[in-house]
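Asks: The following file, my_file.tsv, comprises TSV, C-alpha atoms and all ligand atoms:
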chain	number	residue	atom	x	y	z
C	7	MET	CA	0.00	0.00	0.00
C	8	LYS	CA	1.21	3.50	-0.81
C	9	LYS	CA	2.39	5.41	2.25
C	10	LYS	CA	0.35	8.44	3.22
C	11	ILE	CA	2.24	11.71	2.86
C	12	TRP	CA	0.89	14.09	5.48
C	13	LYS	CA	0.14	17.62	4.29
C	14	VAL	CA	1.43	20.28	6.66
C	15	ALA	CA	0.66	24.02	6.84
C	16	VAL	CA	2.95	26.32	8.82
C	17	ILE	CA	1.34	29.40	10.33
C	18	GLY	CA	3.83	32.14	11.21
C	19	CYS	CA	6.88	32.30	8.92
C	20	GLY	CA	9.37	33.94	11.26
C	21	PHE	CA	12.74	33.06	12.75
C	22	PHE	CA	11.75	29.74	14.31
C	23	ALA	CA	9.75	28.36	11.39
C	24	ASP	CA	12.63	29.22	9.06
C	25	ALA	CA	15.23	27.61	11.32
C	26	GLN	CA	13.40	24.54	12.59
C	27	TYR	CA	10.19	23.73	10.70
C	28	PHE	CA	10.41	24.43	6.97
C	29	PRO	CA	13.82	22.76	6.45
C	30	TYR	CA	12.93	19.63	8.45
C	31	ILE	CA	9.29	18.73	7.65
C	32	GLU	CA	10.22	16.19	4.96
C	33	LYS	CA	13.26	14.94	6.89
C	34	GLU	CA	11.39	14.25	10.12
C	35	ALA	CA	8.27	12.52	8.77
C	36	ASP	CA	6.39	11.25	5.75
C	37	ALA	CA	5.16	14.77	5.26
C	38	VAL	CA	5.30	17.74	2.93
C	39	CYS	CA	4.67	21.42	3.52
C	40	VAL	CA	1.76	22.54	1.36
C	41	ALA	CA	1.18	26.04	2.72
C	42	ALA	CA	2.90	28.94	4.44
C	43	VAL	CA	0.79	31.50	6.30
C	44	ASP	CA	1.76	34.89	7.66
C	45	ILE	CA	-0.08	38.13	8.35
C	46	VAL	CA	2.90	39.81	6.70
C	47	PRO	CA	2.38	38.37	3.20
C	48	GLU	CA	6.00	38.88	2.04
C	49	ARG	CA	7.18	36.50	4.77
C	50	ALA	CA	4.87	33.70	3.62
C	51	ARG	CA	5.82	34.39	-0.03
C	52	HIS	CA	9.51	34.34	0.89
C	53	ALA	CA	9.08	30.95	2.63
C	54	CYS	CA	7.29	29.57	-0.45
C	55	GLU	CA	10.12	30.67	-2.73
C	56	LYS	CA	12.87	29.46	-0.41
C	57	TYR	CA	11.37	26.03	0.31
C	58	GLY	CA	9.31	25.35	-2.84
C	59	ILE	CA	5.98	25.48	-1.00
C	60	PRO	CA	3.03	25.69	-3.42
C	61	ASP	CA	0.63	28.04	-1.59
C	62	CYS	CA	0.69	30.99	0.76
C	63	TYR	CA	-2.07	32.65	2.73
C	64	GLU	CA	-2.44	35.79	4.83
C	65	ASN	CA	-4.28	34.26	7.75
C	66	VAL	CA	-5.54	31.02	9.23
C	67	TYR	CA	-9.10	31.56	7.97
C	68	GLU	CA	-7.95	31.83	4.32
C	69	LEU	CA	-5.89	28.69	4.89
C	70	LEU	CA	-8.85	26.77	6.27
C	71	ASP	CA	-11.16	27.95	3.45
C	72	GLN	CA	-8.85	27.28	0.56
C	73	CYS	CA	-6.20	24.69	1.40
C	74	ASP	CA	-6.33	20.90	1.62
C	75	PHE	CA	-4.03	19.98	4.53
C	76	ASP	CA	-3.92	17.57	7.50
C	77	ILE	CA	-1.71	19.18	10.16
C	78	ALA	CA	-1.02	22.79	11.11
C	79	ILE	CA	2.06	24.00	12.96
C	80	ASP	CA	1.32	27.26	14.77
C	81	SER	CA	4.63	29.12	14.88
C	82	ALA	CA	3.20	32.62	15.02
C	83	SER	CA	3.89	35.24	17.70
C	84	ILE	CA	2.78	34.18	21.16
C	85	GLN	CA	-0.18	36.57	21.35
C	86	ALA	CA	-1.74	35.03	18.20
C	87	HIS	CA	-1.68	31.38	19.34
C	88	HIS	CA	-5.11	31.02	20.98
C	89	GLU	CA	-7.10	32.40	18.05
C	90	ILE	CA	-5.10	30.37	15.52
C	91	ASN	CA	-5.31	27.17	17.57
C	92	MET	CA	-9.06	27.44	18.12
C	93	ALA	CA	-9.60	28.01	14.39
C	94	VAL	CA	-7.42	25.02	13.40
C	95	LEU	CA	-8.84	22.60	15.98
C	96	GLY	CA	-12.40	23.81	15.37
C	97	ALA	CA	-11.92	22.97	11.68
C	98	GLY	CA	-10.98	19.39	12.62
C	99	LYS	CA	-7.26	19.61	11.78
C	100	HIS	CA	-4.40	18.14	13.82
C	101	LEU	CA	-2.24	20.79	15.47
C	102	ILE	CA	1.23	21.42	16.88
C	103	SER	CA	1.33	24.67	18.82
C	104	GLN	CA	4.36	26.70	19.71
C	105	LYS	CA	4.48	27.75	23.34
C	106	PRO	CA	2.50	28.83	25.19
C	107	ALA	CA	-0.58	27.64	23.33
C	108	ALA	CA	-2.91	30.03	25.18
C	109	PRO	CA	-2.77	32.94	27.62
C	110	THR	CA	-4.91	31.28	30.32
C	111	VAL	CA	-5.58	27.79	31.68
C	112	GLU	CA	-9.26	28.17	30.77
C	113	GLN	CA	-8.42	28.98	27.15
C	114	LEU	CA	-6.05	26.03	26.87
C	115	THR	CA	-8.77	23.81	28.33
C	116	GLU	CA	-11.06	25.17	25.60
C	117	GLN	CA	-8.48	24.10	22.99
C	118	ILE	CA	-8.10	20.65	24.56
C	119	GLU	CA	-11.88	20.16	24.60
C	120	THR	CA	-12.16	21.34	20.98
C	121	ALA	CA	-9.47	18.86	19.91
C	122	LYS	CA	-11.36	16.06	21.70
C	123	ALA	CA	-14.72	17.09	20.22
C	124	HIS	CA	-13.24	16.96	16.70
C	125	ASN	CA	-11.23	13.81	17.39
C	126	VAL	CA	-7.92	15.38	16.34
C	127	LYS	CA	-4.47	15.18	17.90
C	128	PHE	CA	-3.02	18.25	19.59
C	129	SER	CA	0.57	18.61	20.64
C	130	CYS	CA	2.26	21.46	22.50
C	131	VAL	CA	5.99	22.24	22.36
C	132	PRO	CA	8.72	22.72	23.75
C	133	ILE	CA	10.10	19.32	22.87
C	134	HIS	CA	12.07	18.59	26.08
C	135	PRO	CA	10.10	15.41	26.94
C	136	MET	CA	11.43	13.97	23.65
C	137	ARG	CA	15.08	14.77	24.45
C	138	TYR	CA	17.61	11.96	24.29
C	139	ASP	CA	19.62	13.21	27.29
C	140	LEU	CA	16.54	13.75	29.45
C	141	ASN	CA	15.15	10.31	28.64
C	142	ILE	CA	18.53	8.70	29.42
C	143	ALA	CA	18.49	10.55	32.76
C	144	LYS	CA	14.94	9.45	33.51
C	145	GLN	CA	15.95	5.86	32.83
C	146	MET	CA	18.98	6.25	35.12
C	147	MET	CA	16.74	7.65	37.86
C	148	ALA	CA	14.25	4.81	37.42
C	149	ASP	CA	17.15	2.35	37.71
C	150	GLY	CA	18.22	3.97	40.99
C	151	ALA	CA	21.55	5.36	39.71
C	152	ILE	CA	21.39	8.43	41.98
C	153	GLY	CA	19.26	6.94	44.73
C	154	ASN	CA	16.27	9.07	45.63
C	155	PRO	CA	16.18	12.05	43.24
C	156	TYR	CA	14.95	15.02	45.29
C	157	TYR	CA	16.12	18.27	43.71
C	158	ALA	CA	16.43	19.65	40.17
C	159	LYS	CA	18.19	22.91	39.37
C	160	CYS	CA	17.52	24.37	35.95
C	161	ASN	CA	19.27	27.40	34.40
C	162	LEU	CA	17.53	28.43	31.24
C	163	SER	CA	18.22	31.94	30.04
C	164	HIS	CA	19.72	33.91	27.21
C	165	GLY	CA	20.42	37.59	26.65
C	166	GLY	CA	17.05	38.31	25.00
C	167	PRO	CA	15.56	37.68	21.53
C	168	GLU	CA	16.83	41.10	20.40
C	169	TYR	CA	20.35	40.20	21.54
C	170	PHE	CA	21.39	37.06	19.71
C	171	GLN	CA	18.76	35.75	17.34
C	172	TYR	CA	18.95	37.12	13.79
C	173	ARG	CA	15.44	37.97	12.75
C	174	ASP	CA	13.68	39.63	9.81
C	175	ALA	CA	10.72	40.35	12.07
C	176	ASP	CA	10.70	43.10	14.71
C	177	PRO	CA	11.35	41.40	18.11
C	178	SER	CA	9.41	44.10	20.05
C	179	TRP	CA	6.45	41.77	20.53
C	180	PHE	CA	8.53	39.59	22.88
C	181	PHE	CA	8.33	42.40	25.45
C	182	GLU	CA	4.64	43.24	25.00
C	183	PRO	CA	1.66	42.04	27.09
C	184	GLY	CA	1.00	38.34	26.61
C	185	ALA	CA	4.66	37.59	25.85
C	186	GLY	CA	7.79	38.22	27.98
C	187	ALA	CA	10.70	36.19	29.33
C	188	LEU	CA	8.57	33.89	31.47
C	189	VAL	CA	6.32	32.55	28.72
C	190	ASP	CA	9.10	32.52	26.12
C	191	MET	CA	12.02	31.13	28.17
C	192	GLY	CA	10.63	30.12	31.56
C	193	VAL	CA	8.29	27.70	29.83
C	194	HIS	CA	11.32	25.57	28.87
C	195	GLY	CA	12.65	25.24	32.42
C	196	LEU	CA	9.19	24.58	33.81
C	197	GLN	CA	8.48	21.90	31.22
C	198	ILE	CA	11.86	20.28	31.97
C	199	VAL	CA	11.48	20.06	35.75
C	200	THR	CA	7.87	18.88	35.51
C	201	SER	CA	9.02	16.23	33.00
C	202	ILE	CA	11.39	14.98	35.71
C	203	PHE	CA	9.21	15.14	38.82
C	204	GLY	CA	5.66	15.33	37.41
C	205	PRO	CA	3.08	17.95	38.37
C	206	ALA	CA	4.14	20.48	41.01
C	207	LYS	CA	1.98	21.19	44.03
C	208	ALA	CA	3.09	24.75	44.90
C	209	LEU	CA	5.40	27.54	43.78
C	210	SER	CA	7.09	30.69	44.96
C	211	CYS	CA	8.96	33.25	42.89
C	212	MET	CA	10.97	36.45	42.78
C	213	ALA	CA	11.19	38.42	39.54
C	214	LYS	CA	12.70	41.73	38.43
C	215	VAL	CA	13.05	43.95	35.39
C	216	THR	CA	16.83	44.06	35.01
C	217	THR	CA	17.01	45.86	31.66
C	218	PRO	CA	14.32	48.50	31.07
C	219	LEU	CA	15.64	49.57	27.67
C	220	ARG	CA	17.09	47.23	25.04
C	221	GLU	CA	18.63	47.67	21.62
C	222	VAL	CA	18.21	45.16	18.82
C	223	ARG	CA	21.67	43.78	18.09
C	224	SER	CA	21.20	41.90	14.81
C	225	GLY	CA	18.84	41.28	11.93
C	226	ALA	CA	16.58	43.58	9.96
C	227	PHE	CA	15.79	45.79	12.98
C	228	ASP	CA	19.42	46.16	14.13
C	229	GLY	CA	19.78	49.30	16.26
C	230	LYS	CA	16.08	49.68	17.13
C	231	LYS	CA	15.53	50.66	20.77
C	232	ILE	CA	12.75	48.87	22.70
C	233	THR	CA	11.32	49.95	26.06
C	234	THR	CA	11.26	46.76	28.09
C	235	ASP	CA	10.24	47.92	31.56
C	236	SER	CA	6.75	46.45	31.89
C	237	ILE	CA	7.37	42.67	32.26
C	238	PRO	CA	10.14	41.10	34.43
C	239	ASP	CA	13.06	39.66	32.49
C	240	GLN	CA	14.69	37.64	35.30
C	241	TYR	CA	12.82	35.02	37.37
C	242	VAL	CA	13.89	32.76	40.22
C	243	ILE	CA	11.13	30.16	40.59
C	244	THR	CA	10.96	27.45	43.25
C	245	LEU	CA	8.59	24.51	42.96
C	246	ASP	CA	7.42	21.98	45.52
C	247	PHE	CA	6.43	18.57	44.13
C	248	GLY	CA	5.55	17.01	47.46
C	249	ASP	CA	7.15	13.71	48.51
C	250	GLY	CA	10.33	15.60	49.51
C	251	LYS	CA	11.05	16.79	45.94
C	252	MET	CA	11.65	20.34	44.77
C	253	ALA	CA	13.13	22.35	41.88
C	254	LEU	CA	14.68	25.71	41.15
C	255	VAL	CA	14.19	27.34	37.74
C	256	ASP	CA	16.42	30.35	37.05
C	257	THR	CA	15.20	31.88	33.80
C	258	GLY	CA	14.87	35.03	31.73
C	259	PHE	CA	16.34	37.31	29.10
C	260	SER	CA	19.07	38.70	31.36
C	261	GLN	CA	21.99	36.30	31.07
C	262	LYS	CA	24.12	37.09	28.04
C	263	ALA	CA	26.32	34.09	28.77
C	264	SER	CA	26.61	31.41	31.43
C	265	ARG	CA	28.77	28.39	32.12
C	266	ALA	CA	26.27	26.86	34.54
C	267	PRO	CA	24.94	23.46	33.47
C	268	GLN	CA	21.48	23.82	31.95
C	269	LEU	CA	20.20	21.20	34.36
C	270	GLU	CA	21.34	19.15	37.34
C	271	ILE	CA	19.35	16.52	39.18
C	272	PHE	CA	20.45	15.63	42.71
C	273	GLY	CA	19.70	12.45	44.63
C	274	ASP	CA	20.95	10.95	47.87
C	275	SER	CA	23.41	8.73	45.98
C	276	GLY	CA	24.53	11.08	43.24
C	277	THR	CA	23.97	13.76	40.62
C	278	ILE	CA	23.09	13.86	36.94
C	279	SER	CA	24.50	16.90	35.13
C	280	PHE	CA	23.58	18.26	31.69
C	281	THR	CA	26.42	20.38	30.40
C	282	ARG	CA	26.21	19.90	26.63
C	283	PRO	CA	23.68	21.26	24.08
C	284	TYR	CA	20.72	18.92	24.08
C	285	MET	CA	20.26	18.97	20.31
C	286	GLU	CA	23.62	17.17	20.07
C	287	ASN	CA	22.01	14.19	21.86
C	288	PRO	CA	24.67	13.96	24.58
C	289	ILE	CA	24.68	11.41	27.38
C	290	PRO	CA	24.60	13.40	30.63
C	291	ASP	CA	27.41	13.05	33.18
C	292	VAL	CA	26.62	11.15	36.33
C	293	TYR	CA	28.26	11.26	39.76
C	294	ILE	CA	27.69	8.19	41.87
C	295	ASP	CA	28.44	7.76	45.56
C	296	ALA	CA	28.59	4.01	46.24
C	297	PRO	CA	30.22	3.46	49.67
C	298	GLU	CA	29.33	-0.24	49.57
C	299	ARG	CA	31.74	-0.52	46.62
C	300	GLY	CA	34.19	1.99	48.08
C	301	VAL	CA	33.82	4.41	45.18
C	302	ARG	CA	32.53	7.87	44.48
C	303	GLY	CA	33.05	10.11	41.47
C	304	TRP	CA	31.94	11.39	38.07
C	305	MET	CA	31.48	8.85	35.34
C	306	ARG	CA	30.02	8.38	31.91
C	307	PRO	CA	27.06	6.02	31.74
C	308	MET	CA	27.25	3.03	29.41
C	309	GLU	CA	25.59	3.36	25.99
C	310	TRP	CA	22.10	1.94	26.13
C	311	VAL	CA	21.33	-1.33	24.34
C	312	ASP	CA	17.91	0.03	23.44
C	313	PRO	CA	18.42	3.81	23.69
C	314	PRO	CA	15.81	6.52	23.40
C	315	ARG	CA	15.44	8.17	19.99
C	316	LYS	CA	17.94	10.87	19.07
C	317	LEU	CA	16.75	14.29	17.97
C	318	LEU	CA	17.39	15.68	14.50
C	319	SER	CA	15.54	18.99	14.80
C	320	GLN	CA	12.84	20.73	16.80
C	321	CYS	CA	10.46	19.48	14.13
C	322	CYS	CA	10.64	16.04	15.79
C	323	CYS	CA	7.23	16.94	17.24
C	324	LEU	CA	5.76	16.41	13.76
C	325	ARG	CA	6.87	12.78	13.66
C	326	ASP	CA	5.51	12.32	17.18
C	327	LEU	CA	2.14	13.85	16.27
C	328	ILE	CA	1.84	11.72	13.13
C	329	GLU	CA	2.62	8.57	15.14
C	330	ALA	CA	-0.07	9.61	17.62
C	331	VAL	CA	-2.58	9.97	14.77
C	332	GLU	CA	-1.58	6.67	13.17
C	333	ASN	CA	-1.69	4.74	16.45
C	334	ASP	CA	-4.55	6.72	17.99
C	335	ALA	CA	-2.29	7.52	20.93
C	336	GLN	CA	-1.53	10.62	23.00
C	337	PRO	CA	1.35	12.69	21.57
C	338	THR	CA	4.43	12.78	23.82
C	339	LEU	CA	4.07	16.57	24.08
C	340	SER	CA	0.67	16.50	25.70
C	341	PRO	CA	-1.49	19.63	25.96
C	342	GLU	CA	-2.35	18.61	29.54
C	343	HIS	CA	1.35	18.92	30.47
C	344	ALA	CA	1.40	22.31	28.69
C	345	ARG	CA	-1.66	23.34	30.72
C	346	HIS	CA	0.09	22.53	33.99
C	347	VAL	CA	3.12	24.60	32.93
C	348	LEU	CA	0.73	27.38	31.91
C	349	GLU	CA	-0.96	27.29	35.31
C	350	ILE	CA	2.47	27.76	36.94
C	351	MET	CA	3.22	30.72	34.64
C	352	CYS	CA	-0.20	32.29	35.21
C	353	LYS	CA	0.21	32.05	39.00
C	354	ILE	CA	3.75	33.44	39.10
C	355	PRO	CA	2.66	37.13	39.13
C	356	THR	CA	0.54	36.39	42.24
C	357	ALA	CA	3.50	34.67	43.92
C	358	VAL	CA	5.79	37.60	43.02
C	359	GLU	CA	3.38	40.28	44.22
C	360	SER	CA	2.34	38.52	47.43
C	361	GLY	CA	5.76	37.09	48.29
C	362	LYS	CA	3.86	33.94	49.27
C	363	THR	CA	3.75	30.33	48.17
C	364	VAL	CA	0.88	29.65	45.78
C	365	THR	CA	-0.75	26.23	45.38
C	366	LEU	CA	-1.33	24.53	42.04
C	367	GLU	CA	-4.32	22.49	40.93
C	368	THR	CA	-3.77	21.01	37.48
C	369	VAL	CA	-2.12	17.65	36.84
C	370	PHE	CA	-1.13	15.71	33.73
V	401	LIG	N1	11.12	26.36	21.03
V	401	LIG	C1	12.04	27.30	20.96
V	401	LIG	O1	13.15	27.06	21.36
V	401	LIG	C2	11.66	28.63	20.37
V	401	LIG	C3	12.64	29.53	20.00
V	401	LIG	C4	12.24	30.75	19.42
V	401	LIG	C5	10.87	31.01	19.25
V	401	LIG	N2	9.95	30.11	19.65
V	401	LIG	C6	8.51	30.36	19.55
V	401	LIG	O2	8.15	30.34	18.16
V	401	LIG	C7	7.08	31.27	17.95
V	401	LIG	C8	7.52	32.26	16.89
V	401	LIG	O3	8.69	32.92	17.34
V	401	LIG	P1	9.76	33.52	16.31
V	401	LIG	O4	11.01	33.62	17.05
V	401	LIG	O5	9.70	32.76	15.03
V	401	LIG	O6	9.13	34.99	16.10
V	401	LIG	P2	9.11	35.89	14.80
V	401	LIG	O7	8.64	37.24	15.25
V	401	LIG	O8	10.40	35.77	14.06
V	401	LIG	O9	7.99	35.20	13.88
V	401	LIG	C9	6.63	35.24	14.20
V	401	LIG	C10	5.85	35.32	12.88
V	401	LIG	O10	4.46	35.16	13.15
V	401	LIG	C11	3.75	36.04	12.29
V	401	LIG	N3	2.41	36.23	12.83
V	401	LIG	C12	2.02	36.97	13.91
V	401	LIG	N4	0.68	36.88	14.09
V	401	LIG	C13	0.23	36.04	13.13
V	401	LIG	C14	-1.06	35.54	12.81
V	401	LIG	N5	-2.16	35.90	13.50
V	401	LIG	N6	-1.19	34.70	11.75
V	401	LIG	C15	-0.09	34.33	11.02
V	401	LIG	N7	1.16	34.79	11.28
V	401	LIG	C16	1.32	35.63	12.32
V	401	LIG	C17	4.62	37.29	12.27
V	401	LIG	O11	4.31	38.14	11.18
V	401	LIG	C18	6.02	36.67	12.17
V	401	LIG	O12	6.41	36.46	10.81
V	401	LIG	C19	6.78	31.90	19.32
V	401	LIG	O13	5.74	31.17	19.92
V	401	LIG	C20	8.07	31.69	20.11
V	401	LIG	O14	7.82	31.63	21.49
V	401	LIG	C21	10.33	28.92	20.17
Could I get this file's structure written as structure tokens?

Replies:
Amino acid sequence: MKKKIWKVAVIGCGFFADAQYFPYIEKEADAVCVAAVDIVPERARHACEKYGIPDCYENVYELLDQCDFDIAIDSASIQAHHEINMAVLGAGKHLISQKPAAPTVEQLTEQIETAKAHNVKFSCVPIHPMRYDLNIAKQMMADGAIGNPYYAKCNLSHGGPEYFQYRDADPSWFFEPGAGALVDMGVHGLQIVTSIFGPAKALSCMAKVTTPLREVRSGAFDGKKITTDSIPDQYVITLDFGDGKMALVDTGFSQKASRAPQLEIFGDSGTISFTRPYMENPIPDVYIDAPERGVRGWMRPMEWVDPPRKLLSQCCCLRDLIEAVENDAQPTLSPEHARHVLEIMCKIPTAVESGKTVTLETVF
């Protein structure tokens, strides 16, 4: 039987779609990109020319009216995600949403319910639960390599989207209401630590605006000044998972460089440390304290006989979504996990303003 080739439409033809979706759609899955959509028509046209995509559209509604496709990838600016996602899911199409998929828990619940009502699969990035190094670490923890894992420390920051990422689009929207360092960067750290320990029960947080005025340092808007004093750009988040487990997430747009490991997981018999870029599929370092064998020290775990899958690109979520459709299974990047991370992000302003611990309700 002839293999189905899944037809994909990408909505939002900016920096990320250009770097991680358009070039990898055909490499990651039995799929082809049939449409590029952007409210700035030149961007969609440019993507069509660059990647040989047959059709472009100015918005999601034109796409839904005129294009025959199976799966949409929403890679538009954060503030546009909810409207796009509701339109796609409501039209009965499978969807991968960039983060965060919605501004509130209630709106993400609405998306989840719409996906269920239309019997379509819905997947929410980031892709950390699919990471090779994280899955190796989870296996090591399950095997007892570091004893009882009780603390995760995650450093996930960069200097700001205007600082290092070359972009044709104006990065000002990253600092406007609905966006900001927490939902753009913090979401990664929060997804990582909840992938390790599961749903958190409570959080506390301090946050500051460190840099009230920024200047774009590359790309088409090089030199543009942006007032960035309304949303914090540095967050120190602590999470309580119950059962003696907790995590620290240090995140924002205020760290131009760092040599801190992105992630360390501590247990009563050792540590797992992630010091290399995760897209290179590294095996994390492990420190084991084994007094019964008279040894302690850093070591490199053995290669797995049956290892987790390695990552090729951030478009790996497409393969995962297609497998979920074909096997009628839940995608690895579940919207319920995204909703829990969103609840944390939505409650952080309350924790910051009150200086108190705030409890969490959602699970996944
Ligand atoms: N996972 C990661 O590591 C990572 C990294 C960077 C960006 N992102 C995410 O990717 C998404 C896009 O970010 P980017 O860096 O590409 O930004 P960008 O500004 O370069 O691109 C966004 C594009 O979306 C378009 N757009 C805005 N509203 C739209 C709408 N209603 N319909 C169609 N197009 C619309 C804009 O015109 C622009 O071309 C964001 O959600 C961002 O958080 C993820």

Asks: Which residues of region 34-103 of chain C come within 12 Å of region 186-210 of chain C, and for each one, what is the closest pair of atoms and their distance in Å to one decimal, counting only C-alpha atoms, sorted by chain and residue number, as CSV?

Replies:
residue,atom,partner,partner_atom,distance
C:Ser83,CA,C:Asp190,CA,10.3
C:Ile84,CA,C:Asp190,CA,8.2
C:Gln85,CA,C:Gly186,CA,10.5

Asks: Using the selection just defined, write its residues with C-alpha atoms as a PDB file, in the coordinates of the input.

Replies:
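Final output, saved to result03.pdb:
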ATOM      1  CA  SER C  83       3.890  35.240  17.700  1.00  0.00           C
ATOM      2  CA  ILE C  84       2.780  34.180  21.160  1.00  0.00           C
ATOM      3  CA  GLN C  85      -0.180  36.570  21.350  1.00  0.00           C
TER       4      GLN C  85
END

Asks: Residues at most 8 Å from region 13-16 of chain C, counting all atoms listed in the file, excluding those fewer than 2 positions away in the same chain, as a PyMOL selection string?

Replies: chain C and resi 11+18-19+23+27-28+37-43+74-81

Asks: Could the residues that lie within 7 Å of ligand LIG 401 (chain V), counting all atoms listed in the file, be listed as a PyMOL selection string?

Replies: chain C and resi 17-23+43-46+49+64-66+81-84+86+90+104-106+131-132+173-177+190

Asks: Quick one: residues within 9 Å of Leu339 (chain C), only C-alpha atoms, excluding same-chain residues fewer than 5 positions away - as a short mmCIF file (atom, residue, chain, number, x, y, z; two decimals) with C-alpha atoms, in the frame of the given file?

Replies:
data_model
loop_
_atom_site.label_atom_id
_atom_site.label_comp_id
_atom_site.auth_asym_id
_atom_site.auth_seq_id
_atom_site.Cartn_x
_atom_site.Cartn_y
_atom_site.Cartn_z
CA PHE C 128 -3.02 18.25 19.59
CA SER C 129 0.57 18.61 20.64
CA CYS C 130 2.26 21.46 22.50
CA VAL C 131 5.99 22.24 22.36
CA PRO C 132 8.72 22.72 23.75
CA ILE C 133 10.10 19.32 22.87
CA HIS C 134 12.07 18.59 26.08
CA PRO C 135 10.10 15.41 26.94
CA MET C 136 11.43 13.97 23.65
CA CYS C 323 7.23 16.94 17.24
CA ASP C 326 5.51 12.32 17.18
CA LEU C 327 2.14 13.85 16.27
CA ALA C 344 1.40 22.31 28.69
#

Asks: Just to confirm, what's the straight-line distance from CA of Leu219 (chain C) to CA of Met351 (chain C) in Å (one decimal)?

Replies: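 Value for the CA of Leu219 (chain C)-CA of Met351 (chain C) distance: 23.6 Å.
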
Asks: Could you list, as a list in words, every residue within 12 Å of Pro297 (chain C), counting all atoms listed in the file and ignoring same-chain residues fewer than 6 positions away?

Replies: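 What passes the distance filter is Ser275, Gly276 and Gly303 of chain C.
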
Asks: I'd like to know which of C:Ile271, C:His88, C:Asp228, C:Asp312 is closest to Glu112 (chain C), using all atoms listed in the file.

Replies: C:His88

Asks: Restricting the calculation to all atoms listed in the file: of C:Val111, C:Ala213, C:Gln240, C:Arg220, which residue gets closest to Gly361 (chain C)?

Replies: C:Ala213

Asks: Here's a test: counting only C-alpha atoms, identify every protein, DNA and RNA residue with an atom at most 12 Å from (19.0, 43.2, 21.9) in the file's coordinate frame, and state them as a ChimeraX atom specification.

Replies: /C:164-173,176-178,180-181,217-225,227-234,259-262

Asks: I'd like the contact shell of Tyr293 (chain C) - 9 Å cut-off, all atoms listed in the file, skipping same-chain residues fewer than 5 positions apart - returned as a PyMOL selection string.

Replies: chain C and resi 151-152+275-279+302-306

Asks: Find, counting only C-alpha atoms, the residue in C:Val358, C:Leu114, C:Ala296, C:Val311 that gets nearest to Lys214 (chain C).

Replies: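 Looking only at the distances to Lys214 (chain C), the closest residue turns out to be C:Val358.
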
Asks: With only C-alpha atoms as the atoms that count, which of C:Thr281, C:Thr216, C:Thr244, C:Thr120 lies nearest to Asn91 (chain C)?

Replies: C:Thr120

Asks: So what do you get for CA of Pro109 (chain C) versus CA of Lys353 (chain C), distance-wise?

Replies: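 Taking CA of Pro109 (chain C) and CA of Lys353 (chain C), their separation equals 11.8 Å.
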